[in-house]
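> Pasting in a structure now, in structure tokens, and then I'll have a few things to ask.
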Amino acid sequence: MPPNASPPRPARAPRCARVSAALLLPFLVGAQAHADEWDLCPPQRPLPQTRLAAEPDSGASDALADQVTSEGDTHVLTGNVELRQGTRWIGADRIEINRVERVARARGDVFLRTDEYAIFSPEGDIDLDAGTFSIERPHLLYPDLHGQGDAGHVSRDEAGIATLTDADWTTCPPEDEAWVLAASEIRLNPNNRQGTARHASLWFQGVPLLYVPWFRFPLGDERLTGFLAPRIGSSSDSGTEIAVPWYWNIAPNYDATLTPRSLSRRGVQLQTETRWLGPLGFWQLDLHHLPDDEVFGDDRSLAQLQQHGRYDHGLRTDVDLAGVSDDEYFEDLGNPLAIASRTHLQSRADLFWNSGYGRSRFRLQSFDTLDETIAPLNRPYRQLPQITHRWDGRWPALSADLDSELVRFDRDAGDTATRFRLVPAIGREFETPGWFLRPRLAWDYTAYEIDRVSSTGDERIERSLPIFSLDSGLVFERPGSDYRQTLEPRAFYVYIPDEEQDAIPVFDTSEFSFSFSQLFRERRFTGGDRVGDANRLSLALTSRLFDRELGSEVLRGSIGVIHHFDDRVVTLPGGTTETEDLSDVVAEIAVRPNDYWRASATAQWDPDTERTERHDSRVAFRGRGGGIANLSYRFQRDQREQVDASFAWPVSPRWTLMARSNYSLLEERNIENLLGFEYEDCCWRFRTVAREFIDETDTGVENDQAIYFELVLKGLGGVGDEAGSVFENAILGYRDPSDQTYP
């Protein structure tokens, strides 16, 4: 038969003759299914009951029968016959045992059973010493894999090699075989743990999905060269997508995956993934190349090198180097690197050392600016290198820590510099069940060697500032019959004197976003180029409600504000002195009355303008049957106002609907819409999702559409795009329905 011809499906063997699922198990190629994935299936046929107890450590044999007679060298056992050899049982209506040849001929309702599977057949011959057998029209049952199959004949020789003819395999129930994997011949060689199949075909609902004239597969978890499940999808930007991965098992510690990816509107892309494991840890190299993209008008490429290694004496390495050909690569061709930024692509190499002297890190870091419109003076600095060390010490009456850093900032345009920081600190904790007091004193010493190009000032600058903080709080409790309530006032004072810092360029520093957690942070700036002056007192009040029986937190509410005793004169370039005495008021609340409902909200209110500056709220419901519903609202004045609603809801034991809509009230347009469904049967599952989303390009804003689908044959694998991962990224709390049950 030519490879491109549709193969005829092998004729089904009679129901009384079936094949071993254990022998067809290699077709699974390592795929597994969760036990609760079979909830929609009818009860499986149980393994045959045995009357003789297993003796795994004994080579002796036992037999039971209603009648035993002898005919020369042959013993004839009839009526409910059962033989046992260790953990293998043979049963039949009649078994003839040749005492010389040690061969058992079984006839009538024959079964061959182990602890894992059973073979049923009308007749078969078994060599009791060599373990060889020849069984006609067998049927095998493998409960652990929820599998069953048929064959015309199965045999095993003295080398342990099994051969099946006209065999098929499925995890579906016998009365409803939605999918079947069939082959004209299967040879299983346990000596090299490999099998081969000839004229293999995969059928779904009577339609052939796949045919291969010959292929090889592993007998277990071993890796073996061969094709993986294809991916199929479609989008308005790239057209129909078909990707067929080919796995190459080069060596025990070295492999590769080559994936030709056809995009009907763009061309053919080659994706390669190479992995190896050696003395220097795990390495992975990804190379993607699309020659002459017909939409983009040029070659497109991506490269990434990753490394992770753990060694003796607390050493660890972590490397992530990446680069792309253009700033629109991820939007057009997907984002396999999980890069969130659309403007900069980070590359870094880290060396970590943990010891009794503390934690050290040596880092090399650079950025590839994808957006060419960003001016050279506004691009991030490379750190070549950055060396940090932290030491912590704790004693009964005192705690101490030391942070240190040496970093070289480099860039193609503008100033460059070397910065050294040393921040020692001591503290003391006074704490009882009803109150706590935590004073802390630190000293921030920073020195710069600056190569001035785009600014003027001293090339050598030193800055030395004390930092004092005092954190204190009370905890009041009010018991009740069902709930326990707390009232927790907290005061946090910080003092940092003012020092002129405008002569220091900004290399890695920005201002923290204001939030409730910022009330209890000593610093106003990230990085080391600014130490914000402070003479402030944060006041906050938190109340919690606990379920007395379960001990879980049912309700938490907090509100707080900062009172500034002095103006804040230390700013970033272009900033102005902050003179307000009071900060914005921040509040947050979280409610979880039971296992089904949860809600949270945060708000930031400006007392001067008497307006809300930020507000985020979310309500989520989790149903008993795995249903999920989310509703959220996000607001930031003059920047963002969005409503996001999503759900994944089982409308029946078999059907689940999924949807998401993210709408911008500020821009009056949809950001993303998603609609899909899932149908699940006993032995297969189908998912599909249609997605419409905003794509911001250099030429403006475009609406892109895409459709994904995935067919999962339980116990075998999937075909199509991973639609489940689309739902997981879009719907908060969504998980594979295989891990959920319907009430």
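Residues are named by chain letter and number: chains run A, B, ... in the order of the structure tokens, numbers start at 1 in each chain, and ligands are numbered from 1 in the order shown.
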Please provide as a ChimeraX atom specification all residues within 10 Å of Glu71 in chain A, with the sequence filter that same-chain residues fewer than 3 positions apart are discarded (counting only C-alpha atoms).
/A:74-76,96,98
> Please provide the set of residues having any atom within 12 Å of Asn378 in chain A, restricted to only C-alpha atoms, with same-chain residues fewer than 6 positions apart removed, written as a ChimeraX atom specification.
/A:343-344,369,371-372,411-415,454,506-508
> Take the residues just selected and output them with all heavy atoms as a short mmCIF file (atom, residue, chain, number, x, y, z; two decimals), in the first residue's frame.

```cif
data_model
loop_
_atom_site.label_atom_id
_atom_site.label_comp_id
_atom_site.auth_asym_id
_atom_site.auth_seq_id
_atom_site.Cartn_x
_atom_site.Cartn_y
_atom_site.Cartn_z
N THR A 343 9.28 45.88 24.21
CA THR A 343 10.29 46.87 23.82
C THR A 343 11.72 46.39 24.03
O THR A 343 12.61 46.80 23.28
CB THR A 343 10.09 48.17 24.62
OG1 THR A 343 10.14 47.88 26.03
CG2 THR A 343 8.74 48.79 24.28
N HIS A 344 11.98 45.54 25.02
CA HIS A 344 13.35 45.13 25.33
C HIS A 344 13.40 43.61 25.56
O HIS A 344 12.52 43.05 26.22
CB HIS A 344 13.88 45.84 26.58
CG HIS A 344 13.80 47.33 26.50
ND1 HIS A 344 14.59 48.09 25.68
CD2 HIS A 344 12.99 48.21 27.15
CE1 HIS A 344 14.29 49.37 25.83
NE2 HIS A 344 13.32 49.46 26.71
N THR A 369 17.09 46.15 22.47
CA THR A 369 15.94 47.05 22.32
C THR A 369 15.22 46.73 21.02
O THR A 369 15.75 46.92 19.92
CB THR A 369 16.39 48.52 22.34
OG1 THR A 369 17.04 48.79 23.58
CG2 THR A 369 15.20 49.44 22.17
N ASP A 371 12.21 48.03 20.07
CA ASP A 371 11.57 49.23 19.53
C ASP A 371 12.65 50.23 19.14
O ASP A 371 13.24 50.91 19.99
CB ASP A 371 10.62 49.82 20.57
CG ASP A 371 9.78 50.96 20.01
OD1 ASP A 371 10.03 51.38 18.86
OD2 ASP A 371 8.88 51.42 20.72
N GLU A 372 12.91 50.35 17.84
CA GLU A 372 13.98 51.23 17.37
C GLU A 372 13.65 52.71 17.54
O GLU A 372 14.52 53.56 17.37
CB GLU A 372 14.28 50.93 15.89
CG GLU A 372 14.82 49.53 15.63
CD GLU A 372 16.17 49.32 16.30
OE1 GLU A 372 16.91 50.31 16.49
OE2 GLU A 372 16.48 48.16 16.64
N ARG A 411 26.67 51.41 28.28
CA ARG A 411 25.69 51.68 27.24
C ARG A 411 26.40 52.32 26.06
O ARG A 411 27.46 52.94 26.22
CB ARG A 411 24.58 52.60 27.77
CG ARG A 411 23.35 52.67 26.91
CD ARG A 411 22.19 53.36 27.62
NE ARG A 411 22.48 54.74 27.96
CZ ARG A 411 21.64 55.55 28.61
NH1 ARG A 411 20.47 55.08 29.01
NH2 ARG A 411 21.97 56.79 28.88
N ASP A 412 25.83 52.16 24.86
CA ASP A 412 26.48 52.71 23.66
C ASP A 412 26.41 54.22 23.62
O ASP A 412 27.22 54.86 22.92
CB ASP A 412 25.82 52.12 22.41
CG ASP A 412 26.05 50.63 22.30
OD1 ASP A 412 27.05 50.15 22.86
OD2 ASP A 412 25.22 49.95 21.67
N ALA A 413 25.46 54.82 24.30
CA ALA A 413 25.31 56.29 24.31
C ALA A 413 25.13 56.76 25.74
O ALA A 413 24.53 56.10 26.58
CB ALA A 413 24.12 56.71 23.45
N GLY A 414 25.68 57.94 26.04
CA GLY A 414 25.49 58.54 27.36
C GLY A 414 26.56 58.14 28.35
O GLY A 414 27.58 57.53 28.02
N ASP A 415 26.31 58.50 29.61
CA ASP A 415 27.26 58.23 30.68
C ASP A 415 27.37 56.73 30.96
O ASP A 415 26.42 55.97 30.77
CB ASP A 415 26.82 58.93 31.97
CG ASP A 415 26.75 60.44 31.82
OD1 ASP A 415 27.43 60.97 30.93
OD2 ASP A 415 25.99 61.07 32.58
N SER A 454 27.12 62.52 28.60
CA SER A 454 25.90 63.29 28.36
C SER A 454 25.52 64.18 29.54
O SER A 454 24.47 64.81 29.52
CB SER A 454 24.74 62.33 28.06
OG SER A 454 24.58 61.39 29.11
N VAL A 506 20.98 58.54 36.59
CA VAL A 506 20.11 57.41 36.92
C VAL A 506 20.46 56.24 36.00
O VAL A 506 20.34 56.34 34.78
CB VAL A 506 18.63 57.80 36.76
CG1 VAL A 506 17.73 56.57 36.93
CG2 VAL A 506 18.25 58.86 37.78
N PHE A 507 20.89 55.14 36.62
CA PHE A 507 21.29 53.96 35.86
C PHE A 507 20.27 52.82 35.95
O PHE A 507 20.02 52.14 34.97
CB PHE A 507 22.66 53.46 36.35
CG PHE A 507 23.75 54.48 36.21
CD1 PHE A 507 24.20 55.19 37.31
CD2 PHE A 507 24.32 54.74 34.97
CE1 PHE A 507 25.21 56.13 37.19
CE2 PHE A 507 25.33 55.68 34.83
CZ PHE A 507 25.78 56.39 35.94
N ASP A 508 19.71 52.60 37.13
CA ASP A 508 18.78 51.47 37.28
C ASP A 508 17.66 51.78 38.26
O ASP A 508 17.08 50.87 38.85
CB ASP A 508 19.52 50.22 37.75
CG ASP A 508 20.08 50.36 39.16
OD1 ASP A 508 20.14 51.50 39.67
OD2 ASP A 508 20.47 49.34 39.76
#
```
> Calculated over only C-alpha atoms, which of the candidates A:Glu158, A:Arg300, A:Glu580, A:Ala322 has the smallest distance to Gln284 in chain A?
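The answer is A:Ala322, which sits nearest to Gln284 in chain A.
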> For Ala53 in chain A, list every protein, DNA or RNA residue within 10 Å, evaluated using only C-alpha atoms, and leave out those in the same chain fewer than 4 positions away; present the list as an NGL selection string.
:A and (62 or 84 or 86-87 or 89)
> I'd like to know which of A:Ser404, A:Thr165, A:Ser543, A:Ser234 is closest to Ile186 in chain A, using only C-alpha atoms.
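Checking each of A:Ser404, A:Thr165, A:Ser543, A:Ser234 against Ile186 in chain A, counting only C-alpha atoms, the winner is A:Thr165.
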> State, in Å with one decimal place, the distance from CA of Tyr311 in chain A to CA of Gly278 in chain A.
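One can read the CA of Tyr311 in chain A to CA of Gly278 in chain A distance as 11.7 Å.
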